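Heads up, the thing below is written out as structure tokens.
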Amino acid sequence: MTTLFALYVLIWPALTLGVLVLICRAVLRDRREAQKEQRELV
Amino acid sequence: MNNESLYQFSTLTVILLMLAFYGGTYLLTLGIRKKKEDADAFMVSNHRVGFGIGSASMTATWIWAASFYAAASSGYTYGVSGPIHYGLWGALMILFIYPFGRRFRKLAPNAHTLGELIHARHGASSQLILALSNVLGSVISLMVNFTAAGALVSVLSPLSFQAGVIIAGVGVLLYTLWSGFRASVMTDFAQLIALMAIAVVIIPAVFFAMGGPTELVAGLDNLSAEQANFFSVDAILNQGAPFFVAVLAYAIGNQTISQRLFAVNEDHIKPTFITATVGYGAIVIGLGMIGLMALTLGIEPLNGDMNNLIPQMVSGYLPPLFIALFFILVIGSLSSTADSDLSALSAIMMADVYGKNIAKGKADPQRMLLVGRLTMIIATVVGIVFASFSLDILVMLVFVGALWGAIVFPVIASCFWNRITNAAFTTSVIVAMVMFCLARFEWLPLDGATGLLFELLASIGGGVIIGLMTFGFLGRVAGFIAGILALVAMLVFATDFLRDYTVLLASLTAYGTSTLVCVVMSLASRQERFDFDSIRERVGNYDDQPTDADPSATEHQPASASLAAQH
């Protein structure tokens, strides 16, 4: 029960961290592509 | 109202924190600023915003200050399942618009607002109904976010509520005014990174500071049977169901979402929306867990105000550095939504009002920019004034919610079914609003045959919601089957029951009535079937169009601009 509740609470910040890493990597890729195509990021 | 029970920053510290936040955000926009911005970029960037920036912006926009407070309140009120019933449905609002969004983008790849698409499909009356609902929604959102800033500043420092409202309003306007949507998406990324990083640290920090899982499980004794039940009917009926009903309405009625839909690179729409769904759900449900922690510890919200729950927990268990991080978390979330609202409002006034209805397709891009910037200034002033006077917006909120519900079917059906007419769209929304008011304010006694009539309409509404959601992902046949099954289930279970829940009854009635009227009028019409390919030709970029000031360009006028001018 204790482990289950710990997981229930901590899964959300872990998921947030995963999305944070995903977005940061994607933005770096977007930036590289924009530079390659000589256009602005936004 | 300043509260001595919460940690108090000095005036100087709060001013420095806000200066650092808004100053840093402003400096960030200098990097993308052009001396001469163009109108299209001001509204939707270059239609090629990448997956990373797009999903960051979508997530940051959808998370507003109220998301944290309401998720924590839900956790505190409904217990174990509370944060899920707030965050999950809010996240699904992003996900469920995606299949329809792809269709919108396919029909009008160069649109700036959903209203432009509806204008090309139907004409001014339908478009203006949609634009009005978008404007009301964004003004309310602005006001709520500025109010949250005022409340936060007044609770954590000696500064007044009004000071917090004004600093937030001016700060957001300052960095959004020149570059519009481009500034909004760029700063959304930075704000979301800060917001996520802080959430990742704060949630476990509070959790372990309060005693960790052992303390949480021990505190479950403080919960009622319903609160301890993950499948609590109470939580479903009072928190989950009303949110579920609003899933499509919020997404369709919100120009901030449409704007990002038209801005993101077309190939990246799916991953962008899925990432934003997961990101929103994780952050909001995670922060909602703080409400559950407070419940298990038996903590009472200060002054009975649920909005104090998270500040109370952070203040009570963590050192001042974390309270400063929490402060930035809330300011970041409310600012990212407020700048998106300003961009949305400016795009509506530029494209829907000036471009389509005043300039009638001969819009001058420079004048459009002026309209957009003036809109931002006026909207900020209105937001600050409404927030400062703490006006009661409940009635406005009720009407906007109903309007959003009433337009869901006409908007979606207009993009898939070539028989929907402008008269059917407009009439169905007006009739639905009248029926909504009759039920919501009980202008008619909801008993006997009248009660039965409204329950029948509400059942149709329930079928429409389920049907549209299924249709979006699984296609027409599955949508029809799911809708009919939901209708039958509603007729069995809702009859002689739903009339006791007037809020839910009225909301579903709005959906059901607009669908019924829209379908019947469209089927009865002998109007020529609509050619969807013509939308693409009628909705184009404004900066590519020749203006009266540039007659030499007329001979090179592209087909899209020519058609736009005729429409």
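Chain labels A, B, ... are given in the sequence in which chains occur in the structure tokens; within each chain residues are numbered consecutively from 1, and ligands are likewise numbered from 1 in the order shown.
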Inset, instruction - Select all residues from chain A having any atom no more than 6 Å from an atom of chain B (counting only C-alpha atoms, ignoring ligands), output as a ChimeraX atom specification. - result: /A:2,6,12-13,15-16,19,23,26-27,30,42
Could you save those same residues with C-alpha atoms as a compact mmCIF listing (two decimals), in the first residue's frame?
# COMPACT_ATOMS: atom_id res chain seq x y z
CA THR A 2 2.82 2.37 0.94
CA ALA A 6 4.38 6.57 -3.24
CA TRP A 12 3.47 12.67 -12.01
CA PRO A 13 6.70 14.57 -11.40
CA LEU A 15 6.26 12.02 -16.15
CA THR A 16 6.75 15.79 -16.07
CA VAL A 19 8.10 15.50 -21.06
CA ILE A 23 10.51 19.09 -25.26
CA ALA A 26 12.84 18.72 -29.67
CA VAL A 27 13.47 22.45 -29.38
CA ASP A 30 13.91 22.61 -34.21
CA VAL A 42 9.20 31.24 -34.66
Legend entry - Nearest residue to Thr147 in chain B from the set B:Ile348, B:Ala228, B:Ala338, B:Ala249 (distances using only C-alpha atoms): B:Ala338
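The interatomic distance for the pair CA of Ile481 in chain B and CA of Ile274 in chain B works out to 25.7 Å.
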Inset, instruction - Would you kindly return, as a count of residues only, each protein, DNA or RNA residue with an atom no farther than 8 Å from any atom of range 138-145 of chain B, considering only C-alpha atoms and excluding same-chain residues fewer than 3 positions away? - result: 26
Legend entry - Shell around range 88-91 of chain B at 10 Å using only C-alpha atoms, local window under 4 positions removed, as a PyMOL selection string: chain B and resi 59+62-63+67+83-84+95-96+239-247+250-251+273-274+276-282+284-285
Atoms kept (C-alpha atoms) for selection, written as a PDB file, in the first residue's frame:
ATOM      1  CA  THR B  59       1.062  23.028 -22.620  1.00  0.00           C
ATOM      2  CA  TRP B  62      -3.468  25.403 -21.247  1.00  0.00           C
ATOM      3  CA  ILE B  63      -1.986  25.554 -17.739  1.00  0.00           C
ATOM      4  CA  SER B  67      -5.199  24.722 -12.775  1.00  0.00           C
ATOM      5  CA  PRO B  83      -6.595  15.297  -8.835  1.00  0.00           C
ATOM      6  CA  ILE B  84      -7.275  12.803 -11.644  1.00  0.00           C
ATOM      7  CA  LEU B  95      -6.256  15.533 -27.081  1.00  0.00           C
ATOM      8  CA  PHE B  96      -9.837  15.460 -28.345  1.00  0.00           C
ATOM      9  CA  GLN B 239     -16.010  16.827 -10.648  1.00  0.00           C
ATOM     10  CA  GLY B 240     -15.462  14.399 -13.521  1.00  0.00           C
ATOM     11  CA  ALA B 241     -18.808  14.501 -15.361  1.00  0.00           C
ATOM     12  CA  PRO B 242     -19.151  18.308 -15.686  1.00  0.00           C
ATOM     13  CA  PHE B 243     -15.556  18.441 -16.950  1.00  0.00           C
ATOM     14  CA  PHE B 244     -16.157  15.581 -19.361  1.00  0.00           C
ATOM     15  CA  VAL B 245     -19.157  17.419 -20.819  1.00  0.00           C
ATOM     16  CA  ALA B 246     -16.973  20.486 -21.320  1.00  0.00           C
ATOM     17  CA  VAL B 247     -14.089  18.648 -23.034  1.00  0.00           C
ATOM     18  CA  TYR B 250     -13.502  24.282 -24.167  1.00  0.00           C
ATOM     19  CA  ALA B 251     -11.305  23.154 -27.015  1.00  0.00           C
ATOM     20  CA  PHE B 273      -1.068  17.606 -29.185  1.00  0.00           C
ATOM     21  CA  ILE B 274      -0.185  14.252 -27.581  1.00  0.00           C
ATOM     22  CA  ALA B 276       0.847  18.686 -24.579  1.00  0.00           C
ATOM     23  CA  THR B 277      -1.833  16.307 -23.277  1.00  0.00           C
ATOM     24  CA  VAL B 278       0.685  14.261 -21.279  1.00  0.00           C
ATOM     25  CA  GLY B 279       2.584  17.355 -20.115  1.00  0.00           C
ATOM     26  CA  TYR B 280      -0.543  19.143 -18.903  1.00  0.00           C
ATOM     27  CA  GLY B 281      -1.913  16.045 -17.179  1.00  0.00           C
ATOM     28  CA  ALA B 282       1.364  15.257 -15.390  1.00  0.00           C
ATOM     29  CA  VAL B 284      -1.626  19.485 -12.983  1.00  0.00           C
ATOM     30  CA  ILE B 285      -2.401  16.076 -11.465  1.00  0.00           C
TER      31      ILE B 285
END
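One finds CA of Leu456 in chain B at 14.3 Å from CA of Leu485 in chain B.
Shortest atom-to-atom contact with Arg367 in chain B among B:Phe497, B:Tyr7, B:Tyr542, B:Phe473: B:Tyr542, counting only C-alpha atoms.
Remark: for Ala72 in chain B, the closest of the candidate residues B:Gly355, B:Gly405, B:Gly372, B:Gly87 is B:Gly87 (distances computed over only C-alpha atoms).
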Inset, instruction - May I have the residues within 10 Å of Glu37 in chain B as number ranges by chain, using only C-alpha atoms and disregarding those fewer than 5 positions away in the same chain? - result: B: 42, 178-180, 182, 365-366, 369
